[in-house]
Amino acid sequence: AQKVTQAQTEISVVEKEDVTLDCVYETRDTTYYLFWYKQPPSGELVFLIRRNSFDEQNEISGRYSWNFQKSTSSFNFTITASQVVDSAVYFCALSEAQWGNQFYFGTGTSLTVIP
Amino acid sequence: GAGVSQSPSNKVTEKGKDVELRCDPISGHTALYWYRQSLGQGLEFLIYFQGNSAPDKSGLPSDRFSAERTGGSVSTLTIQRTQQEDSAVYLCASSLAWTGVQDEETQYFGPGTRLLVL
């Protein structure tokens with residue numbers, strides 16, 4: 001079974017629309033970490049956020065926001081007022097227990113923002 | 001330099017040869033990470049160093065893979081007896097630390113080493 005599921009393979013939105021990228025994870029650990037990474041067409045990975053399992057507070061950073069809900073095992077990522085530069089593949093990841101151990105990536109969601 | 005650098009940027013090798021990939025983290029960053037990205041396996045985490053120590057090496061794909069870090073700085077990822085399935089982009093990242101403080105854990109990625117095993 002997939003530890004991290006990103007069900008949306010590809011999403012296209014028109015510039016200025018809001019878009020939410022879904023991430024559902026599976027773990028039996030009580031301590032774990034969730035991540036989002038961005039990979040633009042240039043190929044270089046960009047780390048976006050790390051959230052630990054004890055902190056369910058939603059995070060907002062500019063146009064980006066993350067909604068962590070343990071009850072549904074989800075860590076969704078919303079981009080508000082999308083821009084063309086947001087076009088990229090976005091990866092969600094889970095690290096169980098101790099960092100460096102049992103690390104799983106989702107298959108990624110390719111986002112295209114149309115001008 | 002200001003960012004994470006990796007060398008070589010591209011490497012073509014023959015099956016069965018050994019290769020060594022190098023990562024120079026940002027100066028002062030104590031945490032260093034190796035990942036790889038391939039068409040077949042997607043994005044994978046390989047190993048993490050805190051200082052010169054790797055807490056867990058179970059992410060390395062096989063015993064042909066090894067990694068070390070010396071002086072809390074440069075890291076090398078060595079692949080022995082390369083196989084075609086080792087063809088991938090090998091990515092290195094570094095962060096200031098692993099402390100529970102978001103800003104200190106932000107990872108900065110290098111451009112990657114593209115490895116092709118013929």
# chains A, B, ... in the order shown; residues from 1 in each chain; ligands from 1
$ residues_around --residues "Asn52 (chain A)" --least-positions-apart "2" --cutoff "6 Å" --atoms "only C-alpha atoms" --output "count of residues only"
4
$ closest_atom_pairs --of "chain B" --to "chain A" --cutoff "9 Å" --atoms "only C-alpha atoms" --output "CSV"
residue,atom,partner,partner_atom,distance
B:Tyr33,CA,A:Gly100,CA,8.7
B:Gly42,CA,A:Thr107,CA,6.6
B:Leu43,CA,A:Phe105,CA,6.3
B:Glu44,CA,A:Phe105,CA,6.6
B:Phe45,CA,A:Phe103,CA,6.3
B:Leu46,CA,A:Gly100,CA,8.4
B:Ile47,CA,A:Gly100,CA,6.3
B:Tyr48,CA,A:Gly100,CA,5.4
B:Phe49,CA,A:Gly100,CA,8.2
B:Ala54,CA,A:Gly100,CA,8.0
B:Pro55,CA,A:Gly100,CA,6.7
B:Asp56,CA,A:Asn101,CA,5.9
B:Lys57,CA,A:Asn101,CA,7.9
B:Ser58,CA,A:Asn101,CA,7.1
B:Gly59,CA,A:Asn101,CA,7.2
B:Leu91,CA,A:Leu45,CA,8.4
B:Trp98,CA,A:Trp99,CA,8.7
B:Gly100,CA,A:Asn52,CA,8.5
B:Gln102,CA,A:Arg50,CA,6.9
B:Glu105,CA,A:Arg50,CA,7.9
B:Thr106,CA,A:Phe47,CA,6.5
B:Gln107,CA,A:Phe47,CA,5.6
B:Tyr108,CA,A:Phe47,CA,6.8
B:Phe109,CA,A:Leu45,CA,6.0
B:Gly110,CA,A:Glu44,CA,7.1
B:Pro111,CA,A:Glu44,CA,5.6
B:Gly112,CA,A:Glu44,CA,7.6
$ select_by_dssp --residues "region 6-106 of chain A" --states "strand (DSSP E or B)" --output "PyMOL selection string"
chain A and resi 10-14+19-21+24-25+32-39+46-52+59-61+64-69+74-79+88-96+103-105
$ closest_residue --among "B:Leu21, B:Ala2, B:Leu115, B:Leu39" --to "Gln83 (chain B)" --atoms "only C-alpha atoms"
B:Leu115
$ closest_residue --among "A:Ala81, A:Ala7, A:Leu94, A:Ile114" --to "Asp29 (chain A)" --atoms "only C-alpha atoms"
A:Leu94
$ atom_distance --atom1 "CA of Val13 (chain A)" --atom2 "CA of Asn76 (chain A)"
16.9 Å
